[in-house]
>>> print(open('target-v6.tsv').read())   # TSV, C-alpha atoms
chain	number	residue	atom	x	y	z
A	1	MET	CA	-54.32	-41.86	87.14
A	2	SER	CA	-57.07	-39.45	86.10
A	3	ASN	CA	-55.86	-38.91	82.54
A	4	LEU	CA	-53.75	-42.03	82.07
A	5	LYS	CA	-54.83	-44.05	79.02
A	6	LEU	CA	-53.47	-47.31	80.39
A	7	THR	CA	-54.46	-49.71	83.13
A	8	THR	CA	-52.34	-49.70	86.26
A	9	ASP	CA	-51.30	-53.27	85.49
A	10	GLU	CA	-50.07	-52.24	82.01
A	11	ALA	CA	-48.18	-49.29	83.46
A	12	TRP	CA	-46.57	-51.36	86.22
A	13	ALA	CA	-45.55	-54.07	83.76
A	14	ALA	CA	-43.88	-51.44	81.56
A	15	VAL	CA	-41.98	-50.11	84.59
A	16	GLN	CA	-40.79	-53.58	85.54
A	17	ARG	CA	-39.50	-54.11	82.01
A	18	ARG	CA	-38.01	-50.59	81.84
A	19	ASP	CA	-39.72	-50.28	78.47
A	20	ARG	CA	-38.49	-47.12	76.73
A	21	SER	CA	-41.47	-47.17	74.35
A	22	PHE	CA	-43.63	-45.96	77.26
A	23	ASP	CA	-41.45	-42.93	78.05
A	24	GLY	CA	-43.58	-39.83	77.56
A	25	ARG	CA	-46.86	-41.76	77.94
A	26	PHE	CA	-46.89	-41.61	81.74
A	27	VAL	CA	-44.61	-41.11	84.74
A	28	THR	CA	-44.17	-43.26	87.82
A	29	GLY	CA	-44.62	-41.55	91.16
A	30	VAL	CA	-42.81	-43.10	94.12
A	31	LEU	CA	-44.60	-41.94	97.24
A	32	THR	CA	-41.91	-42.98	99.72
A	33	THR	CA	-39.16	-40.93	98.01
A	34	GLY	CA	-41.35	-38.12	96.69
A	35	ILE	CA	-40.04	-38.36	93.11
A	36	TYR	CA	-41.47	-39.32	89.73
A	37	CYS	CA	-39.60	-41.13	86.96
A	38	ARG	CA	-39.77	-42.32	83.39
A	39	PRO	CA	-40.99	-45.91	82.98
A	40	SER	CA	-37.49	-46.82	81.76
A	41	CYS	CA	-35.65	-45.30	84.73
A	42	ALA	CA	-32.63	-47.42	85.65
A	43	ALA	CA	-33.10	-46.86	89.39
A	44	ARG	CA	-34.04	-49.79	91.60
A	45	HIS	CA	-37.74	-50.64	91.36
A	46	PRO	CA	-39.87	-49.52	94.29
A	47	SER	CA	-42.50	-51.65	95.95
A	48	ARG	CA	-45.75	-51.71	93.99
A	49	ASP	CA	-47.64	-50.48	97.03
A	50	ASN	CA	-45.58	-47.27	97.02
A	51	VAL	CA	-46.23	-46.40	93.37
A	52	ARG	CA	-48.80	-44.14	91.76
A	53	PHE	CA	-49.00	-43.41	88.03
A	54	PHE	CA	-49.57	-40.02	86.40
A	55	ALA	CA	-50.25	-39.10	82.79
A	56	THR	CA	-47.79	-36.17	82.90
A	57	GLY	CA	-45.05	-34.72	85.04
A	58	ALA	CA	-47.30	-31.74	85.73
A	59	GLU	CA	-49.89	-34.00	87.38
A	60	ALA	CA	-47.16	-35.59	89.49
A	61	ARG	CA	-45.88	-32.17	90.59
A	62	GLU	CA	-49.40	-31.13	91.55
A	63	SER	CA	-49.38	-34.09	93.94
A	64	GLY	CA	-46.21	-32.82	95.56
A	65	LEU	CA	-43.66	-34.98	93.74
A	66	ARG	CA	-40.44	-33.81	92.11
A	67	ALA	CA	-38.67	-35.03	88.98
A	68	CYS	CA	-36.03	-37.75	89.25
A	69	LYS	CA	-32.54	-36.30	88.70
A	70	ARG	CA	-31.33	-39.57	87.24
A	71	CYS	CA	-33.77	-40.14	84.35
A	72	LEU	CA	-35.05	-36.52	83.94
A	73	PRO	CA	-38.63	-37.47	83.00
A	74	ASP	CA	-39.58	-33.94	81.95
A	75	ASP	CA	-36.93	-33.96	79.23
A	76	VAL	CA	-38.50	-36.71	77.09
A	77	GLY	CA	-39.85	-34.27	74.49
A	78	ARG	CA	-36.66	-32.25	74.52
A	79	ASP	CA	-34.57	-35.41	74.11
A	80	GLU	CA	-36.55	-36.48	71.04
A	81	ALA	CA	-36.13	-33.06	69.44
A	82	ALA	CA	-32.41	-33.06	70.20
A	83	VAL	CA	-31.88	-36.49	68.66
A	84	LEU	CA	-33.84	-35.58	65.52
A	85	ALA	CA	-31.83	-32.35	65.13
A	86	ALA	CA	-28.57	-34.28	65.50
A	87	ILE	CA	-29.63	-36.90	62.95
A	88	ASP	CA	-30.52	-34.16	60.46
A	89	GLU	CA	-27.09	-32.60	61.03
A	90	ILE	CA	-25.31	-35.93	60.56
A	91	LYS	CA	-27.24	-36.64	57.35
A	92	SER	CA	-26.75	-33.20	55.85
A	93	SER	CA	-23.17	-32.59	56.92
A	94	GLU	CA	-20.52	-33.49	54.35
A	95	GLY	CA	-17.95	-33.64	57.10
A	96	ARG	CA	-18.07	-35.53	60.37
A	97	PRO	CA	-19.74	-33.47	63.10
A	98	THR	CA	-18.00	-34.07	66.40
A	99	LEU	CA	-19.78	-34.99	69.61
A	100	ASP	CA	-19.01	-31.50	70.96
A	101	GLU	CA	-20.54	-29.89	67.86
A	102	LEU	CA	-23.70	-31.98	68.09
A	103	ALA	CA	-24.03	-31.33	71.80
A	104	SER	CA	-23.63	-27.60	71.22
A	105	LEU	CA	-26.34	-27.76	68.56
A	106	THR	CA	-28.79	-29.35	71.00
A	107	GLY	CA	-27.82	-27.46	74.15
A	108	TYR	CA	-26.72	-30.56	76.07
A	109	SER	CA	-23.33	-31.39	77.52
A	110	PRO	CA	-21.40	-33.88	75.33
A	111	THR	CA	-21.62	-36.66	77.92
A	112	HIS	CA	-25.35	-36.25	78.47
A	113	PHE	CA	-26.10	-35.91	74.76
A	114	GLN	CA	-24.19	-39.10	73.96
A	115	ARG	CA	-26.30	-40.93	76.55
A	116	VAL	CA	-29.56	-39.45	75.18
A	117	PHE	CA	-28.66	-40.25	71.58
A	118	LYS	CA	-27.66	-43.84	72.32
A	119	ARG	CA	-30.80	-44.42	74.36
A	120	ALA	CA	-32.93	-43.24	71.41
A	121	THR	CA	-31.11	-44.94	68.52
A	122	GLY	CA	-29.11	-47.76	70.06
A	123	LEU	CA	-25.89	-46.26	68.68
A	124	SER	CA	-23.51	-43.49	69.64
A	125	PRO	CA	-23.53	-40.46	67.30
A	126	ALA	CA	-20.20	-41.58	65.82
A	127	ALA	CA	-21.45	-45.14	65.26
A	128	TYR	CA	-24.67	-43.81	63.72
A	129	ALA	CA	-22.71	-41.63	61.28
A	130	ARG	CA	-20.46	-44.58	60.45
A	131	ALA	CA	-23.44	-46.86	59.78
A	132	LEU	CA	-25.02	-44.19	57.58
A	133	ARG	CA	-21.86	-43.87	55.48
A	134	GLU	CA	-21.57	-47.66	55.19
A	135	GLU	CA	-25.16	-47.95	53.98
A	136	ARG	CA	-24.62	-45.21	51.43
A	137	ALA	CA	-21.44	-46.92	50.28
A	138	LYS	CA	-23.19	-50.27	49.85
A	139	ASP	CA	-25.96	-48.69	47.78
A	140	ALA	CA	-23.45	-46.79	45.68
A	141	LEU	CA	-21.23	-49.83	45.14
A	142	GLU	CA	-24.06	-51.85	43.63
A	143	GLY	CA	-24.49	-49.38	40.77
A	144	ALA	CA	-21.08	-47.75	40.38
A	145	SER	CA	-18.67	-48.50	37.57
A	146	ARG	CA	-15.70	-47.62	39.77
A	147	VAL	CA	-15.35	-48.64	43.42
A	148	THR	CA	-13.37	-45.51	44.31
A	149	ASP	CA	-16.07	-43.21	42.95
A	150	ALA	CA	-18.71	-44.97	45.05
A	151	ILE	CA	-16.61	-44.65	48.18
A	152	TYR	CA	-16.14	-40.90	47.73
A	153	ASP	CA	-19.83	-40.44	46.83
A	154	ALA	CA	-20.78	-42.10	50.12
A	155	GLY	CA	-18.95	-39.40	52.07
A	156	TYR	CA	-15.59	-40.99	52.80
A	157	GLU	CA	-12.52	-38.77	52.58
A	158	ALA	CA	-10.41	-41.61	51.21
A	159	PRO	CA	-10.75	-45.32	50.30
A	160	SER	CA	-8.50	-46.21	53.23
A	161	ARG	CA	-11.09	-44.77	55.64
A	162	PHE	CA	-13.84	-46.86	54.02
A	163	TYR	CA	-11.86	-50.09	54.39
A	164	GLU	CA	-10.93	-49.21	57.96
A	165	ASP	CA	-14.56	-48.51	58.93
A	166	THR	CA	-16.02	-51.58	57.26
A	167	LYS	CA	-13.33	-54.11	58.07
A	168	GLY	CA	-14.96	-57.21	59.53
A	169	ARG	CA	-18.51	-55.92	59.00
A	170	LEU	CA	-19.16	-55.94	55.29
A	171	GLY	CA	-18.11	-59.56	54.89
A	172	MET	CA	-17.67	-59.14	51.15
A	173	ALA	CA	-15.05	-56.78	49.78
A	174	ALA	CA	-16.15	-53.56	48.08
A	175	LYS	CA	-15.88	-55.00	44.56
A	176	ASP	CA	-17.92	-58.03	45.63
A	177	TRP	CA	-20.66	-55.75	46.93
A	178	ARG	CA	-20.76	-53.96	43.60
A	179	ASP	CA	-20.94	-57.23	41.66
A	180	GLY	CA	-23.50	-58.84	43.96
A	181	GLY	CA	-21.11	-61.55	45.12
A	182	LYS	CA	-20.20	-62.64	41.62
A	183	ASP	CA	-17.35	-65.19	41.47
A	184	ARG	CA	-17.41	-65.73	45.22
A	185	VAL	CA	-17.01	-69.40	46.22
A	186	ILE	CA	-19.50	-70.71	48.76
A	187	HIS	CA	-18.82	-74.11	50.31
A	188	TRP	CA	-21.87	-75.95	51.56
A	189	SER	CA	-23.08	-79.20	53.03
A	190	VAL	CA	-26.34	-80.77	54.24
A	191	ILE	CA	-25.95	-82.30	57.69
A	192	ASP	CA	-28.34	-84.60	59.55
A	193	THR	CA	-29.36	-83.14	62.93
A	194	SER	CA	-32.01	-83.88	65.53
A	195	LEU	CA	-33.99	-81.01	63.98
A	196	GLY	CA	-33.82	-82.51	60.52
A	197	ALA	CA	-31.59	-81.87	57.52
A	198	MET	CA	-29.57	-78.69	58.05
A	199	LEU	CA	-27.89	-76.79	55.23
A	200	VAL	CA	-24.83	-74.84	56.26
A	201	ALA	CA	-22.79	-72.73	53.83
A	202	ALA	CA	-19.72	-70.57	54.28
A	203	THR	CA	-17.22	-68.41	52.44
A	204	GLU	CA	-13.63	-67.96	53.49
A	205	LYS	CA	-14.88	-65.16	55.77
A	206	GLY	CA	-17.49	-67.16	57.68
A	207	VAL	CA	-20.94	-68.75	57.69
A	208	CYS	CA	-23.26	-67.12	55.16
A	209	CYS	CA	-26.27	-69.44	55.38
A	210	LEU	CA	-27.83	-71.85	57.87
A	211	SER	CA	-31.26	-73.27	57.10
A	212	PHE	CA	-33.39	-76.38	57.54
A	213	GLY	CA	-35.00	-78.53	54.88
A	214	GLU	CA	-33.16	-76.81	52.06
A	215	GLY	CA	-30.55	-77.88	49.52
A	216	GLU	CA	-28.53	-76.64	46.59
A	217	GLU	CA	-31.54	-75.24	44.73
A	218	GLU	CA	-32.54	-72.96	47.60
A	219	LEU	CA	-28.92	-71.95	48.20
A	220	ARG	CA	-28.62	-71.03	44.54
A	221	ALA	CA	-31.71	-68.84	44.86
A	222	ARG	CA	-30.14	-67.02	47.81
A	223	PHE	CA	-26.77	-66.51	46.09
A	224	PRO	CA	-27.45	-66.59	42.34
A	225	LYS	CA	-24.09	-65.15	41.27
A	226	ALA	CA	-21.82	-67.22	43.50
A	227	GLU	CA	-19.94	-70.41	42.69
A	228	LEU	CA	-21.23	-73.24	44.86
A	229	ALA	CA	-18.89	-76.01	46.01
A	230	GLU	CA	-20.32	-78.93	47.95
A	231	GLY	CA	-18.30	-80.19	50.90
A	232	GLY	CA	-14.74	-79.05	51.45
A	233	ALA	CA	-12.38	-80.61	53.97
A	234	GLU	CA	-11.07	-77.20	55.04
A	235	PHE	CA	-14.58	-76.28	56.25
A	236	ARG	CA	-15.21	-79.49	58.21
A	237	ASP	CA	-14.24	-78.01	61.59
A	238	LEU	CA	-16.42	-74.95	61.02
A	239	PHE	CA	-19.42	-77.04	60.02
A	240	GLU	CA	-18.93	-79.22	63.11
A	241	GLN	CA	-18.92	-76.12	65.33
A	242	VAL	CA	-22.18	-74.98	63.73
A	243	THR	CA	-23.75	-78.40	64.26
A	244	ARG	CA	-22.80	-78.39	67.95
A	245	ALA	CA	-24.34	-74.94	68.32
A	246	VAL	CA	-27.61	-76.19	66.84
A	247	GLU	CA	-27.73	-79.32	68.98
A	248	ASP	CA	-26.65	-77.64	72.24
A	249	PRO	CA	-28.12	-74.20	73.05
A	250	SER	CA	-25.51	-73.71	75.78
A	251	ALA	CA	-22.67	-73.92	73.24
A	252	ASN	CA	-20.70	-70.72	72.73
A	253	VAL	CA	-21.34	-69.30	69.25
A	254	ALA	CA	-19.64	-65.92	69.56
A	255	HIS	CA	-16.42	-67.28	68.06
A	256	ILE	CA	-18.12	-68.66	64.93
A	257	PRO	CA	-17.38	-66.18	62.10
A	258	LEU	CA	-20.27	-64.90	60.00
A	259	ASP	CA	-20.31	-63.44	56.49
A	260	VAL	CA	-23.54	-61.48	56.18
A	261	LYS	CA	-24.83	-58.80	53.85
A	262	GLY	CA	-27.44	-56.35	55.07
A	263	THR	CA	-28.30	-52.71	55.48
A	264	ALA	CA	-27.12	-50.84	58.55
A	265	PHE	CA	-30.57	-51.27	60.11
A	266	GLN	CA	-30.67	-55.00	59.36
A	267	GLN	CA	-27.24	-55.45	60.91
A	268	ARG	CA	-28.40	-53.59	64.03
A	269	VAL	CA	-31.40	-55.92	64.29
A	270	TRP	CA	-29.25	-59.01	63.75
A	271	GLN	CA	-26.79	-57.86	66.40
A	272	ALA	CA	-29.68	-57.23	68.80
A	273	LEU	CA	-30.92	-60.77	68.14
A	274	ARG	CA	-27.50	-62.16	69.03
A	275	GLU	CA	-27.60	-60.21	72.29
A	276	ILE	CA	-30.87	-61.82	73.48
A	277	PRO	CA	-29.75	-64.17	76.28
A	278	THR	CA	-30.30	-67.89	75.84
A	279	GLY	CA	-33.61	-68.82	77.45
A	280	GLU	CA	-35.27	-65.45	76.76
A	281	THR	CA	-37.53	-64.15	73.99
A	282	ARG	CA	-38.53	-60.74	72.67
A	283	SER	CA	-41.54	-59.49	70.74
A	284	TYR	CA	-41.05	-57.37	67.64
A	285	GLY	CA	-42.19	-54.34	69.61
A	286	GLU	CA	-39.77	-55.01	72.45
A	287	LEU	CA	-36.89	-55.46	70.04
A	288	ALA	CA	-37.79	-52.22	68.27
A	289	ALA	CA	-37.89	-50.41	71.62
A	290	GLU	CA	-34.47	-51.80	72.55
A	291	LEU	CA	-33.16	-50.37	69.28
A	292	GLY	CA	-34.52	-46.98	70.26
A	293	ASN	CA	-37.43	-46.89	67.77
A	294	PRO	CA	-40.60	-48.37	69.31
A	295	ASN	CA	-42.58	-47.66	66.12
A	296	ALA	CA	-40.29	-49.81	63.97
A	297	SER	CA	-41.71	-53.22	64.86
A	298	ARG	CA	-42.72	-53.89	61.24
A	299	ALA	CA	-39.23	-52.96	60.02
A	300	VAL	CA	-37.74	-55.22	62.70
A	301	GLY	CA	-39.95	-58.02	61.41
A	302	GLY	CA	-38.65	-57.42	57.90
A	303	ALA	CA	-35.04	-57.54	59.04
A	304	ASN	CA	-35.80	-60.67	61.02
A	305	GLY	CA	-37.19	-62.32	57.91
A	306	ALA	CA	-34.15	-61.30	55.85
A	307	ASN	CA	-31.83	-63.27	58.12
A	308	ASN	CA	-30.07	-66.07	56.19
A	309	ILE	CA	-28.33	-67.57	59.22
A	310	ALA	CA	-30.76	-69.38	61.52
A	311	VAL	CA	-29.79	-70.20	65.13
A	312	LEU	CA	-26.45	-68.34	65.01
A	313	ILE	CA	-28.49	-65.18	64.45
A	314	PRO	CA	-31.37	-66.39	66.65
A	315	CYS	CA	-34.48	-65.02	64.95
A	316	HIS	CA	-36.39	-67.90	66.59
A	317	ARG	CA	-36.23	-65.93	69.85
A	318	VAL	CA	-38.70	-63.34	68.48
A	319	VAL	CA	-42.36	-64.08	69.24
A	320	GLN	CA	-45.69	-62.39	68.59
A	321	ALA	CA	-47.06	-59.55	70.72
A	322	ASP	CA	-49.54	-61.90	72.38
A	323	GLY	CA	-46.77	-64.34	73.31
A	324	SER	CA	-47.60	-66.93	70.65
A	325	LEU	CA	-44.81	-68.40	68.56
A	326	GLY	CA	-45.71	-66.66	65.32
A	327	GLY	CA	-44.21	-67.78	62.03
A	328	TYR	CA	-40.81	-69.22	61.30
A	329	ALA	CA	-39.18	-69.79	57.92
A	330	TYR	CA	-38.48	-73.44	58.76
A	331	GLY	CA	-41.71	-74.27	60.56
A	332	THR	CA	-43.03	-73.62	64.05
A	333	LYS	CA	-42.13	-77.13	65.21
A	334	ILE	CA	-38.43	-76.35	64.81
A	335	LYS	CA	-38.92	-72.94	66.42
A	336	ALA	CA	-40.75	-74.46	69.38
A	337	GLU	CA	-38.06	-77.10	69.81
A	338	LEU	CA	-35.25	-74.53	69.73
A	339	LEU	CA	-37.00	-72.45	72.39
A	340	LYS	CA	-37.70	-75.55	74.47
A	341	ARG	CA	-34.02	-76.54	74.39
A	342	GLU	CA	-33.07	-73.04	75.45
A	343	GLY	CA	-35.54	-73.06	78.32
A	344	ALA	CA	-37.73	-70.35	76.81
A	345	GLY	CA	-40.85	-72.43	76.31
A	346	ASP	CA	-42.79	-70.78	79.13
A	347	ASP	CA	-41.47	-67.26	78.42
A	348	SER	CA	-42.63	-67.44	74.82
A	349	ASN	CA	-46.21	-67.26	76.08
A	350	GLU	CA	-45.68	-64.00	77.90
A	351	PRO	CA	-47.74	-61.22	76.24
A	352	GLU	CA	-46.20	-58.01	74.97
A	353	LEU	CA	-47.08	-54.93	76.98
A	354	PHE	CA	-48.53	-51.99	75.06
>>> encode(input="target-v6.tsv", output="structure tokens")
Amino acid sequence: MSNLKLTTDEAWAAVQRRDRSFDGRFVTGVLTTGIYCRPSCAARHPSRDNVRFFATGAEARESGLRACKRCLPDDVGRDEAAVLAAIDEIKSSEGRPTLDELASLTGYSPTHFQRVFKRATGLSPAAYARALREERAKDALEGASRVTDAIYDAGYEAPSRFYEDTKGRLGMAAKDWRDGGKDRVIHWSVIDTSLGAMLVAATEKGVCCLSFGEGEEELRARFPKAELAEGGAEFRDLFEQVTRAVEDPSANVAHIPLDVKGTAFQQRVWQALREIPTGETRSYGELAAELGNPNASRAVGGANGANNIAVLIPCHRVVQADGSLGGYAYGTKIKAELLKREGAGDDSNEPELF
């Protein structure tokens, strides 16, 4: 570890977590197999006694080790350049570059390039291009006088393609995006729970707000152009499902429909939050690394704070780098109780590894 700017404990912890944010910072030499790997290598972890860490692949080779054929540790720099080149092509291309075209541009096979791109960004090239078009469409819709013009300006060949791509993800229809939700009807209720008064609100598409200690005034601030309707018998079953999910962390929430508005990046963060298993936590840095951008922890924090739907989009499962609870929009007591119910009380004290 002559040139390694980490302690061996930090390096080993990163290996155990398969932390992609450490790829390129060091390699792991496995003395019993004679190979060296990225910290994020998916291969089975070796015994700690059989591991030695090196700052670079060159140092590992000087010690007689060879590169792992599974994770290709020497390709980290090449992978980053390939992904950046592909993103530039996707952004600049008026058409839809195919996977074969992007792979040819970078010199990788299509299968390998798809794996490299998804590891770096959290999305396939096709999904990344789709999310980019959706975000452009949302921005254009908010200022356009005609919905169709905005859809074409965003890069869609036809309105039908826009509606096909965004079905079930936009929540609001295109015209509603342009008008900021004007004339939408939001049904809401304040329900007594063991965590205190809970406000839950929904449109015909799904839950659009879940908060604690708030009422109509705060809901109005969140949705200033919508029509608010308190109660609503047709929403009773949905509100009961939400209440059960809050009271019982083991309750299945995947079937509860959501109606959320956010940028493509925010939606990626919110989806990543929903994929954190019950009983586990993540730091902002860890979540950013899982999304393929370890330097985006501040942006992840911003997306976390923009979440209007507590518990169902579990932003309470994100803790500080040092393992402390950190802030929470509805108070740390509620956050601590949610984590305790989920069995994550001890894990929340686990420090982030950098």
>>> atom_distance(input="target-v6.tsv", atom1="atom CA of A:Phe239", atom2="atom CA of A:Ala202")
8.7 Å
>>> atom_distance(input="target-v6.tsv", atom1="atom CA of A:Leu258", atom2="atom CA of A:Leu325")
26.2 Å
>>> residues_around(input="target-v6.tsv", residues="stretch 288-301 of chain A", least_positions_apart="4", cutoff="9 Å", atoms="only C-alpha atoms", output="list in words")
Asp19, Arg20, Ser21, Phe22, Lys118, Arg119, Ala120, Thr121, Gly122, Leu123, Phe265, Gln266, Arg268, Val269, Ala272, Ser283, Tyr284, Gly305, Ala306 and Val318 of chain A
>>> atom_distance(input="target-v6.tsv", atom1="atom CA of A:Val260", atom2="atom CA of A:Phe212")
17.9 Å
>>> closest_residue(input="target-v6.tsv", among="A:Arg61, A:Arg66, A:Arg184, A:Arg25", to="A:Ala229", atoms="all atoms listed in the file")
A:Arg184
>>> residues_around(input="target-v6.tsv", residues="A:Asp49", least_positions_apart="6", cutoff="10 Å", atoms="all atoms listed in the file", output="list in words")
Val30, Leu31 and Thr32 of chain A
>>> decode(input="target-v6.tsv", residues="stretch 113-127 of chain A", atoms="N, CA, C and O atoms", output="PDB file, in the first residue's frame")
ATOM      1  N   PHE A 113     -20.867  -2.657 -23.365  1.00  0.00           N
ATOM      2  CA  PHE A 113     -21.101  -1.219 -23.198  1.00  0.00           C
ATOM      3  C   PHE A 113     -22.374  -0.957 -22.394  1.00  0.00           C
ATOM      4  O   PHE A 113     -22.395  -0.058 -21.551  1.00  0.00           O
ATOM      5  N   GLN A 114     -23.416  -1.736 -22.653  1.00  0.00           N
ATOM      6  CA  GLN A 114     -24.650  -1.553 -21.885  1.00  0.00           C
ATOM      7  C   GLN A 114     -24.384  -1.750 -20.395  1.00  0.00           C
ATOM      8  O   GLN A 114     -24.885  -0.998 -19.550  1.00  0.00           O
ATOM      9  N   ARG A 115     -23.573  -2.752 -20.062  1.00  0.00           N
ATOM     10  CA  ARG A 115     -23.246  -3.036 -18.663  1.00  0.00           C
ATOM     11  C   ARG A 115     -22.424  -1.888 -18.062  1.00  0.00           C
ATOM     12  O   ARG A 115     -22.686  -1.457 -16.936  1.00  0.00           O
ATOM     13  N   VAL A 116     -21.454  -1.371 -18.817  1.00  0.00           N
ATOM     14  CA  VAL A 116     -20.619  -0.266 -18.346  1.00  0.00           C
ATOM     15  C   VAL A 116     -21.456   0.993 -18.136  1.00  0.00           C
ATOM     16  O   VAL A 116     -21.333   1.682 -17.121  1.00  0.00           O
ATOM     17  N   PHE A 117     -22.322   1.286 -19.087  1.00  0.00           N
ATOM     18  CA  PHE A 117     -23.140   2.503 -19.008  1.00  0.00           C
ATOM     19  C   PHE A 117     -24.098   2.442 -17.822  1.00  0.00           C
ATOM     20  O   PHE A 117     -24.246   3.416 -17.072  1.00  0.00           O
ATOM     21  N   LYS A 118     -24.727   1.296 -17.626  1.00  0.00           N
ATOM     22  CA  LYS A 118     -25.683   1.170 -16.524  1.00  0.00           C
ATOM     23  C   LYS A 118     -24.977   1.227 -15.188  1.00  0.00           C
ATOM     24  O   LYS A 118     -25.501   1.796 -14.210  1.00  0.00           O
ATOM     25  N   ARG A 119     -23.776   0.667 -15.105  1.00  0.00           N
ATOM     26  CA  ARG A 119     -23.025   0.719 -13.860  1.00  0.00           C
ATOM     27  C   ARG A 119     -22.661   2.162 -13.510  1.00  0.00           C
ATOM     28  O   ARG A 119     -22.663   2.552 -12.339  1.00  0.00           O
ATOM     29  N   ALA A 120     -22.404   2.989 -14.523  1.00  0.00           N
ATOM     30  CA  ALA A 120     -21.989   4.374 -14.282  1.00  0.00           C
ATOM     31  C   ALA A 120     -23.154   5.306 -14.017  1.00  0.00           C
ATOM     32  O   ALA A 120     -23.044   6.244 -13.224  1.00  0.00           O
ATOM     33  N   THR A 121     -24.292   5.079 -14.661  1.00  0.00           N
ATOM     34  CA  THR A 121     -25.406   6.035 -14.574  1.00  0.00           C
ATOM     35  C   THR A 121     -26.628   5.497 -13.850  1.00  0.00           C
ATOM     36  O   THR A 121     -27.510   6.267 -13.475  1.00  0.00           O
ATOM     37  N   GLY A 122     -26.702   4.182 -13.682  1.00  0.00           N
ATOM     38  CA  GLY A 122     -27.887   3.594 -13.076  1.00  0.00           C
ATOM     39  C   GLY A 122     -28.993   3.319 -14.070  1.00  0.00           C
ATOM     40  O   GLY A 122     -30.041   2.784 -13.704  1.00  0.00           O
ATOM     41  N   LEU A 123     -28.784   3.676 -15.330  1.00  0.00           N
ATOM     42  CA  LEU A 123     -29.794   3.474 -16.374  1.00  0.00           C
ATOM     43  C   LEU A 123     -29.135   2.861 -17.602  1.00  0.00           C
ATOM     44  O   LEU A 123     -27.941   3.038 -17.845  1.00  0.00           O
ATOM     45  N   SER A 124     -29.926   2.170 -18.409  1.00  0.00           N
ATOM     46  CA  SER A 124     -29.441   1.723 -19.704  1.00  0.00           C
ATOM     47  C   SER A 124     -29.349   2.935 -20.622  1.00  0.00           C
ATOM     48  O   SER A 124     -29.974   3.974 -20.353  1.00  0.00           O
ATOM     49  N   PRO A 125     -28.586   2.865 -21.720  1.00  0.00           N
ATOM     50  CA  PRO A 125     -28.538   4.009 -22.648  1.00  0.00           C
ATOM     51  C   PRO A 125     -29.916   4.419 -23.144  1.00  0.00           C
ATOM     52  O   PRO A 125     -30.217   5.615 -23.237  1.00  0.00           O
ATOM     53  N   ALA A 126     -30.776   3.447 -23.433  1.00  0.00           N
ATOM     54  CA  ALA A 126     -32.122   3.772 -23.920  1.00  0.00           C
ATOM     55  C   ALA A 126     -32.934   4.475 -22.840  1.00  0.00           C
ATOM     56  O   ALA A 126     -33.641   5.459 -23.109  1.00  0.00           O
ATOM     57  N   ALA A 127     -32.844   3.991 -21.600  1.00  0.00           N
ATOM     58  CA  ALA A 127     -33.584   4.615 -20.506  1.00  0.00           C
ATOM     59  C   ALA A 127     -33.041   6.011 -20.213  1.00  0.00           C
ATOM     60  O   ALA A 127     -33.800   6.927 -19.883  1.00  0.00           O
TER      61      ALA A 127
END
